[in-house]
Amino acid sequence: MGIGDDLMLFEETVPERCRYRVQVILPVEGPYDYLAPDGGDEGERFLPLGQIVMVPVGKRILPGVIWGGEPDTSVPQAKLRQIEAITDLPPLKDELRQFIEWVASYTLFPRGSVLKMVLSAPQALESVAGQKLYRQGDTDTEDTSFRITPARQKVLDLLAGSGGWTAVELAREAGVSGSVIKGLEQAGVVEGYLEVPDFSFPLPPSGIKGPVLSEDQRAAADDLINKVRAGNFAAVVLDGVTGSGKTEVYFEAIEAALGEGQQILVLLPEIALSSQWLDRFEQRFGVRPAEWHSELTPALRRKTWRAVSEGKAPVVVGARSSLFLPYEKLGLIIVDEEHEASFKQEEGVCYHARDMAVVRARGCHCPVVLASATPALETMINVQNGRYERLVLSGRHGGAGMPDVELVDLRFDKPERLDSGQGWLSQALRGAIRQTLEAGEQAMLFLNRRGYAPLTLCRTCGHRLQCPHCTAWLVEHRRFSRLQCHHCGYSTRLPDSCPSCDAEGSLVPCGPGVERIVEEAKKLFPEARIGLMASDTMTSPAATREMIERIEKREVNLLVGTQVVAKGYHFPYLTLVGVVDADLGLFGGDLRAAERTFQLLHQVAGRAGRAEHKGRVILQTSDPQHPVMQTLKAGDRDKFLEIEAETRSRGGLPPFGRLAAVIVSGPEEAELDNFCATMARAIPTIDGARILGPAPAPLSLLRGKFRRRFLVMTRRSVAPQAVARSWLQGLKSPSRVRVVVDIDPYSFL
DNA sequence: AGCACGCCGACT
DNA sequence: GTCGGCGTGCTC
């Protein structure tokens with residue numbers, strides 16, 4: 001500092017504190033400018049790009065990240081506030097910041113919203129001061145003036161057993177006051193030290209041998225290992241039927257990545273159902289991986305986030321949000337069951353975790369493996385284009401063949417039609433169940449519908465019981481004597497009389513849910529030991545485990561379930577699968593309805609006959625000529641994909657064209673329709689793009705909000721993002737009307 | 001997303 | 001006459 005500082009005449013020549021661009025976790029686009037924090041070098045930047053800081057925003061202090069780009073000089077200096085604090089976390093890597101930018105511009109969500117998914121563990125951002133622990137001091141303290149009182153002795157006895165106590169624990173356990181410990185510390189008899197908490201997950205010991213692989217498993221594994229070691233981007237589809245050993249193959253790739261000192265991310269569709277997967281991992285690698293999902297405790301969240309950012313979580317298994325963790329050295333991504341629709345996030349930032357995983361892998365220069373027995377059509381077309389490679393695992397391990405698939409034709413003019421009052425199980429299916437049970441094997445009845453009956457109506461006036469907040473029927477759950485809405489959670493007692501005409505005892509259930517199938521099965525097979533598995537009967541991991549065990553021990557021999565039974569569990573004595581309503585998923589106008597139905601039924605069918613017994617699958621259908629049924633019967637997955645590709649190609653639908661859904665919602669229908677009309681008038685004419693709508697969204701009333709939907713359809717060469725942006729940027733919606741863009745929509749709800 | 005500012009009904 | 005409802009708009 002020179003003397004001139006005090007004599008500075010012109011304010012504008014005072015050296016400014018340096019401006020930083022900080023991206024905060026608000027749903028806003030651009031970074032905001034902030035002044036360097038206290039203690040920073042005047043006028044000179046010292047915080048690196050990606051540094052995580054805390055900044056004042058309005059009344060609050062929020063996390064933000066030092067971002068690149070030129071400061072916004074249009075914001076007056078006087079408006080700037082100072083960076084509040086610098087966290088002790090490693091800066092976000094360039095690769096992650098670029099990923100955030102990419103996701104934001106692809107999904108059309110503000111950058112701050114995407115960043116928020118990265119900084120999703122507020123606990124993790126707090127500095128880790130560590131806590132003060134106590135142990136025995138160095139024993140050379142032969143200070144004769146220090147008296148060992150009984151209170152002091154108790155403390156010393158405890159510490160002689162083991163160190164690592166906090167003052168509070170020590171005082172409580174010894175029954176002394178804190179001042180005793182303080183006195184001991186002062187005399188040097190006990191020693192206080194700061195323990196930095198250990199935020200790390202164990203590294204699997206190297207050299208644990210996996211099972212011996214078959215020839216094609218070995219070839220696939222070696223290919224993946226080479227790619228991992230090369231350290232380049234590659235997208236590889238691991239294509240093999242259930243039981244072909246995909247998991248063992250990618251475990252080999254994980255082993256190789258561990259050997260390279262890299263981190264591995266495994267994305268699973270539903271982490272809640274993955275305890276079997278975790279057990280399997282532990283068997284293979286001797287340790288448990290880090291988990292990342294919404295049910296983590298705050299403490300584990302913090303530990304995991306920190307460990308990931310410091311490279312101390314070698315393997316992370318998680319739901320889609322684990323894609324946004326700040327990996328220190330990501331060397332491999334696995335997306336298991338890549339076709340699963342639950343990888344598509346539909347709330348908040350809409351993104352598809354499988355597709356974003358490929359983008360992330362590209363940014364990290366590492367391979368990504370997409371594993372499935374029924375790859376998505378998108379994925380297979382990417383294989384055909386040469387964008388993805390494909391490794392095929394043929395055949396089931398252990399010699400079990402694919403099950404035989406039979407169709408039961410339920411049409412009215414066919415002998416197997418179901419007459420009213422007869423129930424939902426055809427003669428053919430009943431016979432097969434009887435045979436199976438008599439042979440001492442297990443049978444499963446699959447119906448992808450929870451509850452007792454999907455619709456309740458009044459015989460007197462025809463009134464249908466509907467959710468007050470959604471365009472949806474209320475589903476009867478007889479176990480609880482309640483009616484439930486499966487979209488918003490609304491629940492009410494089953495009324496005794498019709499709410500519309502007051503007729504007593506006039507309400508009748510229509511159609512079957514799994515509970516009703518259980519009821520029918522009990523009547524038909526009174527001797528059978530029936531078990532029910534649905535998402536609402538498996539409320540805790542313990543309850544799930546118990547049911548699984550009962551099935552494995554054959555305490556259950558007739559299992560009735562929704563799609564939860566299709567996911568991952570394998571029951572060696574199960575030889576018959578009956579699909580009560582194979583057509584169920586085909587309705588609803590979803591462009592992927594056929595594909596999803598095929599995948600689900602294929603997966604359910606795969607439950608039958610894994611061990612020595614050949615399995616048998618019976619599909620009850622009213623549309624036996626449908627390509628889904630025909631290709632399932634023929635066991636010809638690729639034929640199905642071929643037909644589906646042809647259908648979509650003709651319609652210009654994904655992956656041959658591109659889609660963006662524009663959902664407009666609001667609490668007042670008139671205002672909503674009014675604004676939709678304004679939007680419709682503003683639809684631009686763009687070559688290679690069309691915009692359809694507004695149509696009432698299939699659930700035109702959801703959670704008390706009215707919804708309309710536009711659909712942007714483009715040729716592959718035209719980005720729907722650009723179309724949506726140019727259409728919507730000039731339109732400002734009334735405050736109570738919300739417009740959300742969903743790029744690559746999946747659910748058409 | 002939060003939080004405050006701002007303009008219209010039932011209470012000390 | 002105030003307390004408070006949530007509509008609207010901003011946050012460097």
# chains A, B, ... in the order shown; residues from 1 in each chain; ligands from 1

call {"tool": "interface_residues", "arguments": {"of": "chain B", "to": "chain A", "cutoff": "12 Å", "atoms": "only C-alpha atoms (C1' of nucleotides)", "output": "PyMOL selection string"}}
result
chain B and resi 1-4

call {"tool": "write_last_selection", "arguments": {"atoms": "C-alpha atoms (C1' of nucleotides)", "output": "PDB file, in the first residue's frame"}}
result
ATOM      1  C1'  DA B   1     -37.291 -22.213  -5.338  1.00  0.00           C
ATOM      2  C1'  DG B   2     -38.063 -18.787  -1.378  1.00  0.00           C
ATOM      3  C1'  DC B   3     -39.089 -14.502   0.224  1.00  0.00           C
ATOM      4  C1'  DA B   4     -40.996  -9.855   0.337  1.00  0.00           C
TER       5       DA B   4
END

call {"tool": "closest_atom_pairs", "arguments": {"of": "chain C", "to": "chain A", "cutoff": "10 Å", "atoms": "only C-alpha atoms (C1' of nucleotides)", "output": "tab-separated table"}}
result
residue	atom	partner	partner_atom	distance
C:DG7	C1'	A:Ser735	CA	8.3
C:DT8	C1'	A:Ser735	CA	7.5
C:DG9	C1'	A:Ser735	CA	10.0
C:DC10	C1'	A:Gly58	CA	8.6
C:DT11	C1'	A:Gly58	CA	5.3
C:DC12	C1'	A:Tyr32	CA	4.4

call {"tool": "write_last_selection", "arguments": {"atoms": "N, CA and C atoms (P, O5', C5', C4', C3', O3' and C1' of nucleotides)", "output": "compact mmCIF listing (two decimals), in the first residue's frame"}}
result
# COMPACT_ATOMS: atom_id res chain seq x y z
P DG C 7 -53.56 -16.28 -4.66
O5' DG C 7 -53.03 -15.88 -6.11
C5' DG C 7 -53.77 -14.98 -6.94
C4' DG C 7 -52.98 -13.72 -7.21
C3' DG C 7 -51.93 -13.83 -8.32
O3' DG C 7 -51.92 -12.60 -9.03
C1' DG C 7 -50.89 -13.08 -6.34
P DT C 8 -51.24 -12.49 -10.46
O5' DT C 8 -49.81 -11.86 -10.13
C5' DT C 8 -49.76 -10.52 -9.65
C4' DT C 8 -48.33 -10.05 -9.57
C3' DT C 8 -47.38 -10.54 -10.67
O3' DT C 8 -46.52 -9.45 -10.98
C1' DT C 8 -46.52 -11.14 -8.58
P DG C 9 -45.66 -9.40 -12.31
O5' DG C 9 -44.32 -8.70 -11.80
C5' DG C 9 -44.22 -8.21 -10.44
C4' DG C 9 -42.81 -8.39 -9.93
C3' DG C 9 -41.78 -8.85 -10.97
O3' DG C 9 -40.54 -8.29 -10.60
C1' DG C 9 -41.84 -10.42 -9.26
P DC C 10 -39.37 -8.02 -11.63
O5' DC C 10 -38.13 -8.24 -10.67
C5' DC C 10 -38.08 -7.53 -9.43
C4' DC C 10 -37.18 -8.27 -8.47
C3' DC C 10 -35.84 -8.69 -9.08
O3' DC C 10 -34.81 -8.31 -8.19
C1' DC C 10 -36.90 -10.56 -8.09
P DT C 11 -33.32 -8.10 -8.78
O5' DT C 11 -32.52 -9.08 -7.81
C5' DT C 11 -32.82 -9.08 -6.41
C4' DT C 11 -32.46 -10.42 -5.83
C3' DT C 11 -31.09 -10.93 -6.30
O3' DT C 11 -30.37 -11.39 -5.17
C1' DT C 11 -32.73 -12.60 -6.59
P DC C 12 -29.00 -10.72 -4.85
O5' DC C 12 -28.75 -9.96 -6.21
C5' DC C 12 -27.64 -9.16 -6.34
C4' DC C 12 -26.38 -9.99 -6.42
C3' DC C 12 -25.17 -9.14 -6.69
O3' DC C 12 -24.02 -9.81 -6.27
C1' DC C 12 -25.80 -10.29 -8.67

call {"tool": "atom_distance", "arguments": {"atom1": "atom CA of A:Asn557", "atom2": "atom CA of A:Ser622"}}
result
27.7 Å

call {"tool": "select_by_dssp", "arguments": {"residues": "stretch 307-376 of chain A", "states": "alpha helix (DSSP H)", "output": "VMD selection string"}}
result
chain A and resid 307 to 309 353 to 364

call {"tool": "residues_around", "arguments": {"residues": "A:His352", "least_positions_apart": "4", "cutoff": "10 Å", "atoms": "only C-alpha atoms (C1' of nucleotides)", "output": "list in words"}}
result
Thr107, Arg320, Ala341, Ser342, Phe343, Lys344, Gln345, Glu346, Met356, Ala357, Ile743, Asp744, Pro745 and Tyr746 of chain A

call {"tool": "select_by_dssp", "arguments": {"residues": "stretch 279-502 of chain A", "states": "strand (DSSP E)", "output": "compact mmCIF listing (two decimals) with C-alpha atoms, in the first residue's frame"}}
result
# COMPACT_ATOMS: atom_id res chain seq x y z
CA ALA A 290 -21.67 -46.76 -2.20
CA GLU A 291 -25.38 -46.27 -2.82
CA TRP A 292 -27.10 -43.13 -4.04
CA VAL A 315 -18.14 -47.96 -7.05
CA VAL A 316 -21.41 -46.04 -6.87
CA VAL A 317 -24.72 -47.78 -7.44
CA GLY A 318 -27.59 -45.45 -7.86
CA LEU A 330 -15.07 -41.67 -13.57
CA GLY A 331 -13.82 -44.56 -15.68
CA LEU A 332 -16.90 -46.62 -16.50
CA ILE A 333 -20.67 -46.25 -16.51
CA ILE A 334 -23.05 -49.20 -16.54
CA VAL A 335 -26.74 -48.67 -17.24
CA ASP A 336 -28.47 -51.89 -16.27
CA LYS A 344 -36.76 -40.99 -17.68
CA GLN A 345 -37.21 -38.25 -15.13
CA TYR A 351 -34.06 -35.93 -18.70
CA HIS A 352 -33.41 -39.50 -19.70
CA PRO A 367 -16.96 -46.44 -21.89
CA VAL A 368 -20.66 -46.74 -21.10
CA VAL A 369 -22.36 -50.14 -21.11
CA LEU A 370 -26.10 -50.39 -21.78
CA ALA A 371 -27.28 -53.78 -20.58
CA SER A 372 -30.67 -55.31 -21.33
CA GLU A 389 -21.47 -51.20 -30.50
CA ARG A 390 -23.25 -54.38 -29.52
CA LEU A 391 -22.05 -57.43 -27.65
CA VAL A 392 -24.41 -60.39 -27.71
CA LEU A 393 -24.66 -63.06 -25.04
CA ASP A 404 -42.90 -72.04 -24.46
CA VAL A 405 -45.37 -69.23 -24.98
CA GLU A 406 -49.03 -70.03 -25.68
CA LEU A 407 -51.79 -67.58 -26.47
CA VAL A 408 -55.32 -67.97 -25.12
CA ASP A 409 -57.78 -66.17 -27.37
CA GLN A 442 -44.78 -73.04 -8.62
CA ALA A 443 -47.07 -70.94 -10.78
CA MET A 444 -47.34 -67.18 -11.10
CA LEU A 445 -50.27 -65.08 -12.24
CA PHE A 446 -49.28 -61.71 -13.57
CA LEU A 455 -63.41 -49.16 -11.54
CA THR A 456 -66.44 -49.05 -9.29
CA LEU A 457 -69.82 -48.09 -10.72
CA CYS A 458 -73.40 -47.78 -9.55
CA VAL A 475 -59.28 -48.09 -7.54
CA GLU A 476 -60.84 -50.28 -4.89
CA HIS A 477 -58.38 -51.77 -2.40
CA ARG A 482 -60.80 -48.05 0.59
CA LEU A 483 -60.84 -46.40 -2.79
CA GLN A 484 -57.56 -44.94 -3.96
CA SER A 491 -57.98 -42.14 -0.65
CA THR A 492 -61.50 -42.48 0.75
CA ARG A 493 -63.63 -45.08 2.49

call {"tool": "residues_around", "arguments": {"residues": "A:Pro512", "least_positions_apart": "6", "cutoff": "8 Å", "atoms": "only C-alpha atoms (C1' of nucleotides)", "output": "list in words"}}
result
Trp424, Arg449, Tyr452, Ala453 and Pro454 of chain A

call {"tool": "atom_distance", "arguments": {"atom1": "atom CA of A:Glu546", "atom2": "atom CA of A:Phe571"}}
result
13.9 Å

call {"tool": "residues_around", "arguments": {"residues": "stretch 723-725 of chain A", "least_positions_apart": "2", "cutoff": "10 Å", "atoms": "only C-alpha atoms (C1' of nucleotides)", "output": "number ranges by chain"}}
result
A: 108, 660-662, 683-691, 711-714, 718-721, 727-730, 741, 743

call {"tool": "atom_distance", "arguments": {"atom1": "atom CA of A:Ser665", "atom2": "atom CA of A:Gly589"}}
result
20.3 Å

call {"tool": "closest_residue", "arguments": {"among": "A:Phe285, A:Phe233, A:Tyr490, A:Phe640", "to": "A:Gln599", "atoms": "only C-alpha atoms"}}
result
A:Phe640

call {"tool": "residues_around", "arguments": {"residues": "C:DT2", "least_positions_apart": "2", "cutoff": "10 Å", "atoms": "only C-alpha atoms (C1' of nucleotides)", "output": "ChimeraX atom specification"}}
result
/B:11-12 /C:4

call {"tool": "write_last_selection", "arguments": {"atoms": "N, CA, C and O atoms (P, O5', C5', C4', C3', O3' and C1' of nucleotides)", "output": "mmCIF file, in the first residue's frame"}}
result
data_model
loop_
_atom_site.group_PDB
_atom_site.id
_atom_site.type_symbol
_atom_site.label_atom_id
_atom_site.label_comp_id
_atom_site.auth_asym_id
_atom_site.auth_seq_id
_atom_site.Cartn_x
_atom_site.Cartn_y
_atom_site.Cartn_z
ATOM 1 P P DC B 11 -62.940 -13.672 11.940
ATOM 2 O "O5'" DC B 11 -63.263 -12.769 13.205
ATOM 3 C "C5'" DC B 11 -62.600 -13.057 14.401
ATOM 4 C "C4'" DC B 11 -61.517 -12.015 14.687
ATOM 5 C "C3'" DC B 11 -61.859 -11.119 15.892
ATOM 6 O "O3'" DC B 11 -61.353 -11.752 17.066
ATOM 7 C "C1'" DC B 11 -60.998 -9.822 14.057
ATOM 8 P P DT B 12 -61.926 -11.321 18.449
ATOM 9 O "O5'" DT B 12 -60.738 -10.431 18.986
ATOM 10 C "C5'" DT B 12 -59.404 -10.939 18.981
ATOM 11 C "C4'" DT B 12 -58.428 -9.814 19.200
ATOM 12 C "C3'" DT B 12 -58.518 -9.146 20.584
ATOM 13 O "O3'" DT B 12 -57.238 -9.062 21.161
ATOM 14 C "C1'" DT B 12 -58.684 -7.522 18.865
ATOM 15 P P DG C 4 -51.357 -12.266 11.923
ATOM 16 O "O5'" DG C 4 -51.962 -12.583 10.478
ATOM 17 C "C5'" DG C 4 -53.273 -13.121 10.338
ATOM 18 C "C4'" DG C 4 -53.662 -13.182 8.879
ATOM 19 C "C3'" DG C 4 -52.621 -13.844 7.961
ATOM 20 O "O3'" DG C 4 -53.286 -14.678 7.024
ATOM 21 C "C1'" DG C 4 -53.228 -11.786 7.103
#

call {"tool": "decode", "arguments": {"residues": "chain B", "atoms": "all heavy atoms", "output": "compact mmCIF listing (two decimals), in the first residue's frame"}}
result
# COMPACT_ATOMS: atom_id res chain seq x y z
P DA B 1 -40.00 -24.55 -8.64
OP1 DA B 1 -41.34 -24.32 -8.07
OP2 DA B 1 -39.55 -23.73 -9.74
O5' DA B 1 -38.90 -24.36 -7.50
C5' DA B 1 -39.15 -24.83 -6.18
C4' DA B 1 -37.95 -24.46 -5.37
O4' DA B 1 -37.17 -23.46 -6.03
C3' DA B 1 -38.28 -23.88 -4.00
O3' DA B 1 -37.18 -24.14 -3.15
C2' DA B 1 -38.42 -22.38 -4.31
C1' DA B 1 -37.29 -22.21 -5.34
N9 DA B 1 -37.59 -21.20 -6.35
C8 DA B 1 -38.43 -21.31 -7.40
N7 DA B 1 -38.47 -20.24 -8.16
C5 DA B 1 -37.59 -19.36 -7.55
C6 DA B 1 -37.18 -18.07 -7.85
N6 DA B 1 -37.64 -17.38 -8.93
N1 DA B 1 -36.29 -17.47 -7.04
C2 DA B 1 -35.85 -18.15 -5.98
N3 DA B 1 -36.15 -19.38 -5.59
C4 DA B 1 -37.04 -19.95 -6.43
P DG B 2 -37.22 -23.89 -1.59
OP1 DG B 2 -35.84 -23.80 -1.12
OP2 DG B 2 -38.18 -24.85 -1.01
O5' DG B 2 -37.90 -22.46 -1.43
C5' DG B 2 -37.91 -21.95 -0.14
C4' DG B 2 -37.27 -20.59 -0.13
O4' DG B 2 -37.34 -20.01 -1.44
C3' DG B 2 -38.01 -19.63 0.81
O3' DG B 2 -37.07 -18.75 1.34
C2' DG B 2 -38.97 -18.93 -0.17
C1' DG B 2 -38.06 -18.79 -1.38
N9 DG B 2 -38.78 -18.63 -2.64
C8 DG B 2 -39.70 -19.48 -3.20
N7 DG B 2 -40.15 -19.07 -4.36
C5 DG B 2 -39.50 -17.87 -4.57
C6 DG B 2 -39.59 -16.96 -5.66
O6 DG B 2 -40.28 -17.04 -6.67
N1 DG B 2 -38.75 -15.86 -5.48
C2 DG B 2 -37.93 -15.67 -4.39
N2 DG B 2 -37.20 -14.57 -4.38
N3 DG B 2 -37.84 -16.51 -3.37
C4 DG B 2 -38.65 -17.58 -3.53
P DC B 3 -37.11 -18.44 2.92
OP1 DC B 3 -35.78 -18.75 3.46
OP2 DC B 3 -38.31 -19.10 3.46
O5' DC B 3 -37.31 -16.87 2.99
C5' DC B 3 -36.50 -16.04 2.18
C4' DC B 3 -37.33 -14.93 1.58
O4' DC B 3 -38.01 -15.39 0.41
C3' DC B 3 -38.42 -14.39 2.51
O3' DC B 3 -38.00 -13.12 2.99
C2' DC B 3 -39.67 -14.30 1.62
C1' DC B 3 -39.09 -14.50 0.22
N1 DC B 3 -40.04 -15.10 -0.76
C2 DC B 3 -40.13 -14.53 -2.02
O2 DC B 3 -39.42 -13.55 -2.30
N3 DC B 3 -40.99 -15.05 -2.93
C4 DC B 3 -41.73 -16.11 -2.60
N4 DC B 3 -42.55 -16.61 -3.53
C5 DC B 3 -41.66 -16.71 -1.30
C6 DC B 3 -40.81 -16.18 -0.42
P DA B 4 -38.85 -12.30 4.06
OP1 DA B 4 -37.92 -11.86 5.12
OP2 DA B 4 -40.07 -13.05 4.41
O5' DA B 4 -39.25 -11.04 3.18
C5' DA B 4 -38.26 -10.42 2.37
C4' DA B 4 -38.94 -9.50 1.38
O4' DA B 4 -39.65 -10.29 0.39
C3' DA B 4 -39.97 -8.55 2.01
O3' DA B 4 -39.90 -7.29 1.37
C2' DA B 4 -41.29 -9.26 1.71
C1' DA B 4 -41.00 -9.85 0.34
N9 DA B 4 -41.83 -11.01 0.01
C8 DA B 4 -42.13 -12.09 0.80
N7 DA B 4 -42.90 -12.99 0.22
C5 DA B 4 -43.11 -12.47 -1.04
C6 DA B 4 -43.84 -12.93 -2.15
N6 DA B 4 -44.52 -14.09 -2.16
N1 DA B 4 -43.85 -12.17 -3.26
C2 DA B 4 -43.18 -11.01 -3.26
N3 DA B 4 -42.46 -10.47 -2.29
C4 DA B 4 -42.46 -11.26 -1.18
P DC B 5 -40.30 -5.95 2.08
OP1 DC B 5 -39.09 -5.17 2.37
OP2 DC B 5 -41.23 -6.31 3.17
O5' DC B 5 -41.15 -5.18 0.96
C5' DC B 5 -40.74 -5.26 -0.41
C4' DC B 5 -41.98 -5.28 -1.29
O4' DC B 5 -42.53 -6.61 -1.33
C3' DC B 5 -43.11 -4.35 -0.80
O3' DC B 5 -43.51 -3.51 -1.88
C2' DC B 5 -44.22 -5.32 -0.39
C1' DC B 5 -43.94 -6.50 -1.31
N1 DC B 5 -44.51 -7.80 -0.83
C2 DC B 5 -45.24 -8.61 -1.73
O2 DC B 5 -45.41 -8.22 -2.89
N3 DC B 5 -45.74 -9.79 -1.28
C4 DC B 5 -45.54 -10.16 -0.01
N4 DC B 5 -46.05 -11.34 0.38
C5 DC B 5 -44.80 -9.37 0.90
C6 DC B 5 -44.31 -8.21 0.47
P DG B 6 -44.49 -2.26 -1.64
OP1 DG B 6 -44.12 -1.20 -2.60
OP2 DG B 6 -44.54 -1.98 -0.19
O5' DG B 6 -45.91 -2.88 -2.06
C5' DG B 6 -46.13 -3.30 -3.40
C4' DG B 6 -47.52 -3.91 -3.51
O4' DG B 6 -47.54 -5.22 -2.88
C3' DG B 6 -48.62 -3.09 -2.83
O3' DG B 6 -49.74 -2.98 -3.69
C2' DG B 6 -48.98 -3.91 -1.59
C1' DG B 6 -48.69 -5.33 -2.07
N9 DG B 6 -48.42 -6.27 -1.01
C8 DG B 6 -47.63 -6.07 0.10
N7 DG B 6 -47.57 -7.12 0.90
C5 DG B 6 -48.38 -8.07 0.26
C6 DG B 6 -48.69 -9.38 0.64
O6 DG B 6 -48.32 -10.01 1.64
N1 DG B 6 -49.54 -9.99 -0.29
C2 DG B 6 -50.02 -9.41 -1.43
N2 DG B 6 -50.80 -10.14 -2.19
N3 DG B 6 -49.72 -8.17 -1.79
C4 DG B 6 -48.90 -7.56 -0.91
P DC B 7 -50.53 -1.59 -3.75
OP1 DC B 7 -50.26 -1.00 -5.06
OP2 DC B 7 -50.21 -0.87 -2.50
O5' DC B 7 -52.07 -2.01 -3.68
C5' DC B 7 -52.68 -2.72 -4.76
C4' DC B 7 -53.54 -3.85 -4.21
O4' DC B 7 -52.79 -4.61 -3.23
C3' DC B 7 -54.83 -3.39 -3.48
O3' DC B 7 -55.92 -4.13 -3.95
C2' DC B 7 -54.53 -3.69 -2.00
C1' DC B 7 -53.65 -4.92 -2.16
N1 DC B 7 -52.82 -5.29 -0.96
C2 DC B 7 -52.73 -6.64 -0.60
O2 DC B 7 -53.34 -7.49 -1.26
N3 DC B 7 -51.99 -6.98 0.48
C4 DC B 7 -51.34 -6.04 1.17
N4 DC B 7 -50.62 -6.43 2.21
C5 DC B 7 -51.41 -4.65 0.81
C6 DC B 7 -52.16 -4.33 -0.25
P DC B 8 -57.42 -3.78 -3.62
OP1 DC B 8 -57.99 -3.07 -4.76
OP2 DC B 8 -57.50 -3.17 -2.27
O5' DC B 8 -58.07 -5.25 -3.56
C5' DC B 8 -59.46 -5.44 -3.23
C4' DC B 8 -59.63 -6.60 -2.26
O4' DC B 8 -58.42 -6.76 -1.49
C3' DC B 8 -60.77 -6.41 -1.23
O3' DC B 8 -61.48 -7.64 -1.05
C2' DC B 8 -60.03 -6.00 0.02
C1' DC B 8 -58.72 -6.80 -0.11
N1 DC B 8 -57.58 -6.20 0.64
C2 DC B 8 -56.74 -7.04 1.38
O2 DC B 8 -56.95 -8.25 1.39
N3 DC B 8 -55.70 -6.49 2.07
C4 DC B 8 -55.49 -5.18 2.03
N4 DC B 8 -54.46 -4.69 2.72
C5 DC B 8 -56.32 -4.30 1.28
C6 DC B 8 -57.35 -4.85 0.60
P DG B 9 -62.81 -7.69 -0.17
OP1 DG B 9 -63.95 -7.67 -1.09
OP2 DG B 9 -62.74 -6.73 0.95
O5' DG B 9 -62.68 -9.16 0.44
C5' DG B 9 -63.71 -9.64 1.30
C4' DG B 9 -63.08 -10.49 2.39
O4' DG B 9 -61.78 -9.94 2.76
C3' DG B 9 -63.88 -10.51 3.69
O3' DG B 9 -63.77 -11.80 4.31
C2' DG B 9 -63.21 -9.43 4.53
C1' DG B 9 -61.75 -9.66 4.15
N9 DG B 9 -60.89 -8.51 4.36
C8 DG B 9 -61.02 -7.25 3.80
N7 DG B 9 -60.08 -6.42 4.18
C5 DG B 9 -59.28 -7.19 5.03
C6 DG B 9 -58.11 -6.82 5.72
O6 DG B 9 -57.53 -5.73 5.75
N1 DG B 9 -57.61 -7.89 6.46
C2 DG B 9 -58.16 -9.14 6.50
N2 DG B 9 -57.55 -10.05 7.26
N3 DG B 9 -59.25 -9.49 5.86
C4 DG B 9 -59.76 -8.46 5.14
P DA B 10 -64.76 -12.31 5.43
OP1 DA B 10 -65.56 -13.36 4.83
OP2 DA B 10 -65.42 -11.17 6.09
O5' DA B 10 -63.71 -13.00 6.46
C5' DA B 10 -64.20 -13.60 7.64
C4' DA B 10 -63.47 -13.04 8.84
O4' DA B 10 -62.74 -11.87 8.45
C3' DA B 10 -64.37 -12.61 10.00
O3' DA B 10 -64.29 -13.50 11.13
C2' DA B 10 -63.98 -11.17 10.32
C1' DA B 10 -62.68 -10.96 9.53
N9 DA B 10 -62.55 -9.61 9.01
C8 DA B 10 -63.44 -8.93 8.19
N7 DA B 10 -63.03 -7.71 7.88
C5 DA B 10 -61.81 -7.59 8.53
C6 DA B 10 -60.88 -6.54 8.60
N6 DA B 10 -61.05 -5.37 7.98
N1 DA B 10 -59.76 -6.74 9.33
C2 DA B 10 -59.60 -7.92 9.95
N3 DA B 10 -60.40 -8.98 9.96
C4 DA B 10 -61.50 -8.75 9.22
P DC B 11 -62.94 -13.67 11.94
OP1 DC B 11 -61.77 -13.15 11.23
OP2 DC B 11 -62.92 -15.08 12.40
O5' DC B 11 -63.26 -12.77 13.20
C5' DC B 11 -62.60 -13.06 14.40
C4' DC B 11 -61.52 -12.01 14.69
O4' DC B 11 -61.41 -11.10 13.58
C3' DC B 11 -61.86 -11.12 15.89
O3' DC B 11 -61.35 -11.75 17.07
C2' DC B 11 -61.08 -9.85 15.59
C1' DC B 11 -61.00 -9.82 14.06
N1 DC B 11 -61.87 -8.82 13.41
C2 DC B 11 -61.40 -7.51 13.26
O2 DC B 11 -60.26 -7.23 13.70
N3 DC B 11 -62.18 -6.59 12.65
C4 DC B 11 -63.39 -6.94 12.20
N4 DC B 11 -64.12 -5.99 11.61
C5 DC B 11 -63.90 -8.26 12.35
C6 DC B 11 -63.11 -9.15 12.95
P DT B 12 -61.93 -11.32 18.45
OP1 DT B 12 -62.02 -12.53 19.28
OP2 DT B 12 -63.10 -10.47 18.23
O5' DT B 12 -60.74 -10.43 18.99
C5' DT B 12 -59.40 -10.94 18.98
C4' DT B 12 -58.43 -9.81 19.20
O4' DT B 12 -58.69 -8.79 18.23
C3' DT B 12 -58.52 -9.15 20.58
O3' DT B 12 -57.24 -9.06 21.16
C2' DT B 12 -59.09 -7.77 20.32
C1' DT B 12 -58.68 -7.52 18.86
N1 DT B 12 -59.62 -6.64 18.12
C2 DT B 12 -59.19 -5.39 17.71
O2 DT B 12 -58.09 -4.97 17.94
N3 DT B 12 -60.14 -4.68 17.00
C4 DT B 12 -61.42 -5.08 16.68
O4 DT B 12 -62.19 -4.35 16.06
C5 DT B 12 -61.81 -6.38 17.13
C7 DT B 12 -63.18 -6.92 16.86
C6 DT B 12 -60.91 -7.10 17.83
